[in-house]
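Before any comments, here is the structure.
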2 protein chains.
Amino acid sequence: MWLFNDPPRKPLQERYQFEITDAWLEHVQKSSVRFNSGGSGSFVSEDGLIMSNHHVGANALQKLSDPQHDYLRHGFQARTLEQERRCTDLELNVLMSMEDVTARVNSAVKPGLSDEAAFKARRSVTAAIEKESQDQTGLRSDVVTLYQGGRYHLYRFKRYTDVRLVFAPEQQIAFFGGDPDNFEYPRYDLDICFFRAYENGKPAKVQHFLKWSERGTVENDLVFVSGHPGRTSRLLTVAELDYLRDYQLPKRLSRLFRSEVVLLSYSGRSQENARRARDDLFGAQNSRKALKGELAGLLDPKLMERKAAAEKKLREAVAARDDSKETLPAWDRIAAAQKILGENARAFNLLEGAAGFRSQLFSIARTLLRAADEKPKPNGERLREFTESARQSLEFQLFSEKPIYDDIEELELADSLTYLVEELGSTNKLVELILAGQSPQARATGLINGTKVKDVSVRKKLYEGGAVAIAASTDTMIELARLIDPDARAVRKIVEAQGEAKQQAHAQIAKARFAIEGTSNYPDATFTLRLAFGTVKGYEEGGKHIPSHTTIAGLYARAAEQEYRPPFDLPKLWLDRKRRLDLKTPLNFVSTADIIGGNSGSPTIDRKGELVGIIFDGNIQSLVLDFLYTDEQARALSVDSRGILESLRKAYDAKTLANELSKGGH
Amino acid sequence: MWLFNDPPRKPLQERYQFEITDAWLEHVQKSSVRFNSGGSGSFVSEDGLIMSNHHVGANALQKLSDPQHDYLRHGFQARTLEQERRCTDLELNVLMSMEDVTARVNSAVKPGLSDEAAFKARRSVTAAIEKESQDQTGLRSDVVTLYQGGRYHLYRFKRYTDVRLVFAPEQQIAFFGGDPDNFEYPRYDLDICFFRAYENGKPAKVQHFLKWSERGTVENDLVFVSGHPGRTSRLLTVAELDYLRDYQLPKRLSRLFRSEVVLLSYSGRSQENARRARDDLFGAQNSRKALKGELAGLLDPKLMERKAAAEKKLREAVAARDDSKETLPAWDRIAAAQKILGENARAFNLLEGAAGFRSQLFSIARTLLRAADEKPKPNGERLREFTESARQSLEFQLFSEKPIYDDIEELELADSLTYLVEELGSTNKLVELILAGQSPQARATGLINGTKVKDVSVRKKLYEGGAVAIAASTDTMIELARLIDPDARAVRKIVEAQGEAKQQAHAQIAKARFAIEGTSNYPDATFTLRLAFGTVKGYEEGGKHIPSHTTIAGLYARAAEQEYRPPFDLPKLWLDRKRRLDLKTPLNFVSTADIIGGNSGSPTIDRKGELVGIIFDGNIQSLVLDFLYTDEQARALSVDSRGILESLRKAYDAKTLANELSKGGH
């Protein structure tokens with residue numbers, strides 16, 4: 001997960017005799033696309049065509065669907081530009097430049113400040129850097145924290161907010177095998193989705209896009225993955241990992257079990273319910289399976305022993321150094337901060353994280369309430385999500401016409417209010433105020449029926465009316481948001497201060513690590529652009545060799561073996577057109593590239609910089625990659641560029657699209 | 001939920017001009033059957049034919065199935081006696097007599113004893129009464145605690161352990177609508193299953209069985225339900241209800257969410273997996289839905305206010321009485337005991353309740369270990385499940401050849417060991433000993449691979465070898481059971497002593513209540529035989545009238561409306577034979593009879609004592625019946641006797657069975 005401005009030149013040279021050029025890097029960087037809904041993608045034609053995963057596009061597909069058009073389930077195909085459908089709230093970012101601003105950020109945080117004051121100082125300088133950059137360049141500008149606080153880089157992104165849906169296959173084939181086969185291998189998934197970026201109402205002309213490889217890969221090929229891994233925990237201290245294992249992961253999992261059951265139960269009542277909940281249910285199941293794997297990894301004493309041994313070694317090395325007196329306390333400082341974070345986690349998750357108020361309408365209401373409070377403040381003193389540099393994205397989301405269903409809102413809100421009571425107790429003062437003498441179910445019904453913020457024009461009015469309009473509002477959701485805001489802000493403040501304490505301590509550890517080990521390592525993932533490399537390679541599992549590639553023939557065999565029962569059923573098109581397809585065409589393959597959630601949709605690239613596949617999953621053994629990299633069994637799964645083209649041409653008759661891929665443009 | 005030896009003569013006389021005779025009561029009592037796997041049923045022919053629900057028979061159906069015969073899913077039909085299949089471990093009980101032994105039990109518990117000593121004294125006298133009765137009558141003899149300790153009755157049961165499967169429909173039609181429609185109404189379920197009791201290898205000849213009503217019911221008919229409600233909480237104090245609401249129900253629910261997801265995920269991988277997990281998954285989903293309803297009830301402040309007001313009124317009435325000094329502290333005593341129970345609940349559930357070791361093999365190993373410890377003790381000092389009167393049932397279970405699947409065992413054990421670590425923490429001393437330096441997954445694999453108790457002959461040898469054989473055993477599961485037994489027994493002892501404290505306090509409250517209100521009330525449910533009554537009656541919901549009866553036509557309409565997608569798909573037989581069926585035949589109906597889980601399979605009976613239906617569910621509004629009875633919307637759901645006969649005759653060509661029902665014998 002290397003930084004594009006600090007690429008792995010040496011290992012690539014030594015191990016693969018591959019010399020990575022600046023031109024290659026720039027080309028790949030600017031061909032890579034971040035999906036702000038959570039995921040990656042890449043430009044694949046000069047006319048702004050973008051490929052990502054079906055499950056990354058799912059959020060947009062869900063929001064474009066209605067009772068008569070279930071695009072998420074049944075797929076979508078625009079045969080002309082006119083038929084391309086504009087997404088309600090999809091924002092894409094392309095990284096244009098990076099700049100190290102560590103010195104400026106750190107110099108603004110004077111030594112001796114309290115954690116809270118240090119946090120404020122850092123927030124202020126960050127907001128200033130971002131605003132300056134945005135004013136100068138017009139680009140979205142984010143200061144990114146790397147090495148848990150060891151470095152600060154300013155990233156500038158080109159934003160695309162007019163993004164249109166071009167093609168999606170049926171969910172059956174995109175997610176063939178469903179939850180049971182998720183994170184497994186061998187696999188047979190056509191997990192792809194095409195969008196097109198528009199500018200000024202016309203397809204965006206882009207300078208950088210990835211050429212489509214018709215050749216694909218063979219075993220042992222060197223491949224690269226350029227994408228946006230969301231979060232890894234490899235540089236965490238043992239105290240932080242203990243917390244993850246003992247509290248955070250079990251707690252998140254138990255919430256996911258609950259959500260999954262609630263959504264499954266709702267979905268079972270009708271097909272329309274199933275349609276409405278489809279993407280949320282996928283998300284709950286996908287996260288649950290990933291987190292179960294992560295927790296299992298942390299519960300393996302061997303992993304934790306390795307982590308403890310590495311930490312001991314580093315602490316000993318630090319102890320032998322001149323600046324040890326300064327650095328050695330960092331680990332204890334992190335442990336102390338982690339303890340306070342643990343004590344506040346429950347309140348933070350429920351109130352600030354809104355685990356007690358799972359409702360889109362609540363979230364909109366809170367954004368309106370806080371915008372009224374934050375906008376009048378100086379830019380550097382605002383909550384991070386209300387700074388000037390974040391404003392465009394915030395407003396784009398807030399005023400989008402995404403569908404909101406009252407029944408799901410009520411279901412989720414009633415369940416989460418019940419969870420709130422369970423967690424804080426029914427005699428808790430705040431809980432009593434929130435429930436207002438009603439049962440969670442009755443209160444949820446009242447809140448949903450009494451709010452008007454579903455109406456975008458109402459939102460705009462309240463947003464533009466600012467503090468006066470908000471103060472005058474008796475909207476049920478605004479009132480709820482107002483009721484909990486003092487507590488939510490208070491616990492957020494504690495969490496931010498402790499986060500700052502950890503960041504400073506990590507910065508010291510990072511400094512020592514750079515001095516001892518050199519900078520020959522990459523920071524933990526932060527949902528920013530990274531470059532991974534590896535080779536196409538099968539592996540051994542349970543005494544059996546799992547080959548690197550699967551084929552379209554394997555897809556049909558797996559479906560037959562499972563008697564075509566969901567989630568192993570095939571779309572009608574695939575049953576009807578089997579004879580047209582070249583069954584030997586590779587469909588999926590694995591490589592040792594280092595990926596994690598957020599990398600979904602990343603292009604898999606060969607030495608020439610051509611697209612040979614698209615990342616869509618990891619195997620079950622890859623889930624420990626959150627904590628350390630291993631290539632023994634952990635594998636990244638890609639859809640093969642050849643399988644994609646074969647499917648588009650012969651199963652979907654999507655000739656225009658296929659030709660655009662082959663030619664790199666219309 | 002009236003006792004058969006204290007029936008509701010007055011309300012029946014006054015409200016329905018129905019005089020309940022001793023002969024009527026005896027006939028109904030002895031026609032009623034308890035399924036020890038959890039449920040109710042009734043004799044429906046003189047040749048030992050028994051009807052219950054499909055979902056009550058499911059446990060037996062699951063255990064009779066194998067990869068080639070999925071009786072639970074596809075149904076079963078014996079066309080001759082020879083084709084009837086003996087169940088692996090199904091024990092049925094028929095209540096033959098009841099005797100009040102309160103005075104003898106209480107006189108053995110001398111005043112001034114500590115809770116622990118009082119518990120021991122009560123256990124000892126109970127075991128003695130049971131053993132005497134069993135020796136004298138040869139009947140299974142259980143001392144039953146009523147009114148939470150206000151009364152003790154000795155119940156004598158005839159046991160049937162040679163029980164054979166006669167008929168089961170497909171799960172699709174028995175549980176049509178599946179989890180989504182569970183606890184809903186209108187419904188269209190053929191939730192029935194027929195067994196036959198055998199004695200000496202021949203069908204049991206029984207004196208009492210229910211005549212089949214061909215007439216059925218109409219709106220406003222008086223009906224009775226005779227069955228075994230499992231547990232209600234209506235006489236609990238507010239302190240106990242608070243505990244249920246704030247701790248016990250949320251905790252049980254979160255375990256159920258987890259189990260459901262684990263089983264669903266396993267089931268999705270193959271049809272054979274789905275077959276193996278079918279009954280467990282049903283159980284998890286059914287309990288989850290019931291408990292969610294109960295919790296929602298307790299979270300309604302109106303319900304809790306009613307409870308608090310009733311308690312206040314009773315306490316005030318007690319305060320006005322002569323013996324108030326003795327009785328008034330009872331409520332505080334219960335609250336104090338409940339507090340200690342709460343503090344020990346986690347350890348009790350994990351260790352003694354085995355929530356940390358969900359594995360049939362573990363449970364077998366523990367029974368073997370404890371049998372070796374308990375058998376040498378005097379009968380009155382043994383753990384309750386090892387007394388002489390419990391021995392036959394214990395051995396019948398222990399040596400049954402029910403199927404045990406290593407993969408499910410490993411799945412459940414790994415998950416529950418993970419849960420154990422989450423609950424007690426990975427640095428807990430006992431947890432460290434249990435995991436032996438391995439991850440939960442690796443440890444589970446080792447435990448399952450290393451045990452031999454799956455083999456019934458090994459179990460017999462260890463059981464007969466007693467303490468010496470057990471002490472010498474190095475079986476992995478025996479060793480695990482041995483490792484945790486001191487802690488498990490210690491926490492059980494605390495829980496038993498506090499249970500005794502609550503029982504004594506409840507006995508005092510009950511005494512006062514009898515004196516103030518008379519004995520015109522029934523005790524909370526205890527999975528013993530009770531008689532409920534009510535009328536056949538539709539209800540209003542969301543401004544709509546829900547009629548009392550549904551028809552076979554409604555079944556087809558509901559399936560069509562849901563486009564025949566599971567769980568709304570119909571068995572092939574039902575699609576093929578639609579034209580044969582009289583679509584106007586009533587299929588399900590609702591009544592105001594007071595039921596709860598455990599009543600499933602209870603006969604619904606008319607004034608004449610004829611069977612007009614069979615209870616299979618309650619509606620969602622009935623779930624608060626756990627806490628108080630209401631007939632506004634709460635309804636008991638029955639399958640209609642007419643719908644059953646029509647289905648057997650025309651859908652299943654089960655003429656022999658249908659004739660046996662009509663004629664009351666072969």
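Letters A, B, ... go to the chains of the structure tokens in the order shown; residues in each chain start at 1; ligands are counted from 1 in the same order.
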
Interface, chain B side, toward chain A (8 Å; only C-alpha atoms) as a PyMOL selection string | chain B and resi 179-181+246-247+250+254+257-258+260-261+265-266+268-271+296+299-301+422+425-426+437-441+562+567

Go through segment 450-570 of chain A and collect every residue that DSSP, computed from the backbone, puts in alpha helix (DSSP H); the answer should be as an MDAnalysis selection string.
-> chainID A and resid 450 456:472 476:517 552:561

Using only C-alpha atoms, which protein or nucleic acid residues come within 9 Å of segment 117-128 of chain B? Drop anything in the same chain fewer than 5 positions from it, and give the result as a compact mmCIF listing (two decimals) with all heavy atoms, in the first residue's frame.
```txt
# COMPACT_ATOMS: atom_id res chain seq x y z
N ARG B 104 -46.12 -30.59 52.85
CA ARG B 104 -44.97 -31.46 53.11
C ARG B 104 -43.66 -30.81 52.67
O ARG B 104 -42.65 -30.86 53.38
CB ARG B 104 -45.17 -32.80 52.39
CG ARG B 104 -44.03 -33.76 52.68
CD ARG B 104 -44.30 -35.17 52.21
NE ARG B 104 -43.07 -35.96 52.25
CZ ARG B 104 -42.87 -37.06 51.56
NH1 ARG B 104 -43.83 -37.53 50.78
NH2 ARG B 104 -41.72 -37.70 51.66
N VAL B 105 -43.67 -30.15 51.51
CA VAL B 105 -42.46 -29.48 51.02
C VAL B 105 -42.05 -28.38 51.99
O VAL B 105 -40.90 -28.30 52.42
CB VAL B 105 -42.67 -28.91 49.60
CG1 VAL B 105 -41.52 -27.99 49.20
CG2 VAL B 105 -42.84 -30.03 48.59
N ASN B 106 -43.02 -27.54 52.36
CA ASN B 106 -42.67 -26.40 53.20
C ASN B 106 -42.27 -26.81 54.61
O ASN B 106 -41.41 -26.17 55.23
CB ASN B 106 -43.81 -25.39 53.24
CG ASN B 106 -43.86 -24.57 51.94
OD1 ASN B 106 -42.88 -24.53 51.20
ND2 ASN B 106 -44.99 -23.95 51.68
N ALA B 108 -40.58 -29.26 55.45
CA ALA B 108 -39.19 -29.75 55.45
C ALA B 108 -38.19 -28.60 55.47
O ALA B 108 -37.01 -28.79 55.79
CB ALA B 108 -38.96 -30.64 54.22
N VAL B 109 -38.67 -27.42 55.06
CA VAL B 109 -37.77 -26.26 55.02
C VAL B 109 -38.00 -25.45 56.30
O VAL B 109 -38.90 -24.63 56.39
CB VAL B 109 -38.04 -25.41 53.76
CG1 VAL B 109 -37.04 -24.26 53.67
CG2 VAL B 109 -37.96 -26.28 52.51
N LYS B 110 -37.16 -25.72 57.31
CA LYS B 110 -37.32 -25.09 58.64
C LYS B 110 -37.05 -23.58 58.55
O LYS B 110 -36.14 -23.16 57.83
CB LYS B 110 -36.35 -25.70 59.64
CG LYS B 110 -36.45 -27.21 59.76
CD LYS B 110 -37.66 -27.64 60.61
CE LYS B 110 -37.83 -29.15 60.62
NZ LYS B 110 -39.07 -29.62 59.94
N PRO B 111 -37.81 -22.79 59.29
CA PRO B 111 -37.55 -21.34 59.29
C PRO B 111 -36.15 -21.05 59.83
O PRO B 111 -35.62 -21.82 60.62
CB PRO B 111 -38.60 -20.80 60.26
CG PRO B 111 -39.61 -21.89 60.44
CD PRO B 111 -38.91 -23.18 60.20
N GLY B 112 -35.58 -19.98 59.37
CA GLY B 112 -34.27 -19.56 59.88
C GLY B 112 -33.08 -20.16 59.14
O GLY B 112 -31.95 -19.80 59.43
N SER B 133 -43.20 -41.62 44.96
CA SER B 133 -44.32 -41.70 44.03
C SER B 133 -43.98 -42.60 42.85
O SER B 133 -44.78 -43.43 42.42
CB SER B 133 -44.67 -40.29 43.54
OG SER B 133 -45.50 -40.38 42.40
N ASP B 142 -43.07 -35.66 39.07
CA ASP B 142 -42.37 -34.38 39.18
C ASP B 142 -43.08 -33.48 40.18
O ASP B 142 -44.29 -33.29 40.07
CB ASP B 142 -42.36 -33.64 37.83
CG ASP B 142 -41.58 -34.37 36.76
OD1 ASP B 142 -40.84 -35.33 37.09
OD2 ASP B 142 -41.71 -33.99 35.57
N VAL B 143 -42.32 -32.92 41.12
CA VAL B 143 -42.90 -31.88 41.96
C VAL B 143 -42.78 -30.56 41.20
O VAL B 143 -41.69 -30.16 40.80
CB VAL B 143 -42.19 -31.79 43.33
CG1 VAL B 143 -42.67 -30.56 44.10
CG2 VAL B 143 -42.45 -33.06 44.14
N ASN B 379 -29.79 -39.67 46.93
CA ASN B 379 -30.72 -39.11 45.94
C ASN B 379 -31.07 -37.64 46.21
O ASN B 379 -31.11 -36.82 45.29
CB ASN B 379 -32.00 -39.96 45.93
CG ASN B 379 -32.95 -39.58 44.81
OD1 ASN B 379 -32.49 -39.26 43.71
ND2 ASN B 379 -34.23 -39.61 45.08
N GLY B 380 -31.29 -37.30 47.47
CA GLY B 380 -31.74 -35.95 47.81
C GLY B 380 -30.66 -34.90 47.71
O GLY B 380 -30.93 -33.71 47.82
N GLU B 381 -29.41 -35.32 47.52
CA GLU B 381 -28.32 -34.34 47.45
C GLU B 381 -27.80 -34.12 46.03
O GLU B 381 -26.85 -33.37 45.82
CB GLU B 381 -27.17 -34.79 48.36
CG GLU B 381 -27.57 -34.73 49.83
CD GLU B 381 -26.48 -35.25 50.76
OE1 GLU B 381 -25.30 -35.29 50.33
OE2 GLU B 381 -26.82 -35.63 51.90
N ARG B 382 -28.40 -34.82 45.10
CA ARG B 382 -27.90 -34.70 43.72
C ARG B 382 -28.41 -33.44 43.02
O ARG B 382 -29.46 -32.92 43.38
CB ARG B 382 -28.35 -35.91 42.90
CG ARG B 382 -27.83 -37.22 43.42
CD ARG B 382 -28.28 -38.35 42.50
NE ARG B 382 -28.14 -39.63 43.18
CZ ARG B 382 -28.74 -40.75 42.80
NH1 ARG B 382 -29.52 -40.75 41.71
NH2 ARG B 382 -28.56 -41.86 43.46
N LEU B 383 -27.67 -33.02 41.99
CA LEU B 383 -28.22 -32.01 41.08
C LEU B 383 -29.54 -32.57 40.55
O LEU B 383 -29.66 -33.77 40.29
CB LEU B 383 -27.26 -31.77 39.90
CG LEU B 383 -25.89 -31.17 40.23
CD1 LEU B 383 -25.04 -31.07 38.96
CD2 LEU B 383 -26.03 -29.79 40.87
N ARG B 384 -30.50 -31.66 40.38
CA ARG B 384 -31.87 -32.07 40.08
C ARG B 384 -31.99 -33.06 38.92
O ARG B 384 -32.78 -34.00 38.96
CB ARG B 384 -32.68 -30.80 39.79
CG ARG B 384 -34.15 -31.01 39.64
CD ARG B 384 -34.97 -29.81 40.05
NE ARG B 384 -36.40 -30.04 39.74
CZ ARG B 384 -37.13 -31.00 40.29
NH1 ARG B 384 -36.60 -31.84 41.16
NH2 ARG B 384 -38.42 -31.15 39.96
N THR B 387 -31.46 -36.99 39.74
CA THR B 387 -32.20 -37.75 40.76
C THR B 387 -32.78 -39.02 40.14
O THR B 387 -32.86 -39.15 38.90
CB THR B 387 -33.37 -36.92 41.33
OG1 THR B 387 -34.22 -36.53 40.26
CG2 THR B 387 -32.85 -35.69 42.06
N GLU B 388 -33.20 -39.93 41.00
CA GLU B 388 -33.74 -41.21 40.53
C GLU B 388 -34.95 -41.02 39.62
O GLU B 388 -35.11 -41.72 38.62
CB GLU B 388 -34.13 -42.08 41.74
CG GLU B 388 -32.94 -42.72 42.43
CD GLU B 388 -32.09 -43.55 41.48
OE1 GLU B 388 -32.63 -44.38 40.72
OE2 GLU B 388 -30.85 -43.34 41.48
N SER B 389 -35.80 -40.05 39.98
CA SER B 389 -37.01 -39.89 39.18
C SER B 389 -36.70 -39.33 37.80
O SER B 389 -37.49 -39.46 36.88
CB SER B 389 -38.02 -38.99 39.91
OG SER B 389 -37.47 -37.71 40.10
N GLU B 496 -28.87 -20.97 42.54
CA GLU B 496 -29.90 -21.77 43.20
C GLU B 496 -30.30 -21.17 44.54
O GLU B 496 -31.50 -21.14 44.88
CB GLU B 496 -29.39 -23.21 43.40
CG GLU B 496 -29.41 -24.02 42.11
CD GLU B 496 -28.73 -25.39 42.24
OE1 GLU B 496 -27.94 -25.59 43.20
OE2 GLU B 496 -28.97 -26.24 41.37
N ALA B 497 -29.33 -20.69 45.30
CA ALA B 497 -29.65 -20.11 46.61
C ALA B 497 -30.50 -18.85 46.44
O ALA B 497 -31.46 -18.62 47.17
CB ALA B 497 -28.37 -19.79 47.37
N GLN B 498 -30.16 -18.03 45.46
CA GLN B 498 -30.94 -16.81 45.24
C GLN B 498 -32.32 -17.15 44.69
O GLN B 498 -33.29 -16.46 44.98
CB GLN B 498 -30.20 -15.85 44.29
CG GLN B 498 -28.87 -15.34 44.85
CD GLN B 498 -29.03 -14.74 46.24
OE1 GLN B 498 -29.97 -13.98 46.50
NE2 GLN B 498 -28.13 -15.10 47.15
N GLY B 499 -32.39 -18.21 43.90
CA GLY B 499 -33.69 -18.68 43.42
C GLY B 499 -34.56 -19.08 44.61
O GLY B 499 -35.76 -18.78 44.65
N GLU B 500 -33.96 -19.78 45.56
CA GLU B 500 -34.69 -20.18 46.77
C GLU B 500 -35.18 -18.94 47.54
O GLU B 500 -36.33 -18.90 47.99
CB GLU B 500 -33.76 -21.02 47.66
CG GLU B 500 -34.29 -21.30 49.07
CD GLU B 500 -35.51 -22.21 49.10
OE1 GLU B 500 -35.68 -23.00 48.14
OE2 GLU B 500 -36.30 -22.12 50.07
N ALA B 501 -34.30 -17.94 47.64
CA ALA B 501 -34.70 -16.71 48.35
C ALA B 501 -35.91 -16.09 47.67
O ALA B 501 -36.88 -15.68 48.33
CB ALA B 501 -33.52 -15.73 48.37
```

Rounded to one decimal place, report the atom CA of Phe194 of chain B-atom CA of His228 of chain B distance in Å.
->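 Computing it gives 17.9 Å between the two atoms.
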
Counting only C-alpha atoms, the option among A:Thr102, A:Ser97, A:Gln83, A:Thr88 closest to Val163 of chain A =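 Ranking A:Thr102, A:Ser97, A:Gln83, A:Thr88 by distance to Val163 of chain A, first place goes to A:Thr88.
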
Distance of atom CA of Gln392 of chain B from atom CA of Leu92 of chain B, expressed in Å to one decimal place = 12.7 Å

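By chain and then residue number, the residues within 8 Å of Arg86 of chain A are Asp162, Val163, Arg164 and Leu165 of chain A, counting only C-alpha atoms and disregarding those fewer than 6 positions away in sequence.
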
Show which residues sit within 6 Å of segment 50-63 of chain A, as a PyMOL selection string. Count only C-alpha atoms, and ignore same-chain residues fewer than 6 positions away.
-> chain A and resi 39+41-44+71-72+87+191-196+402+601
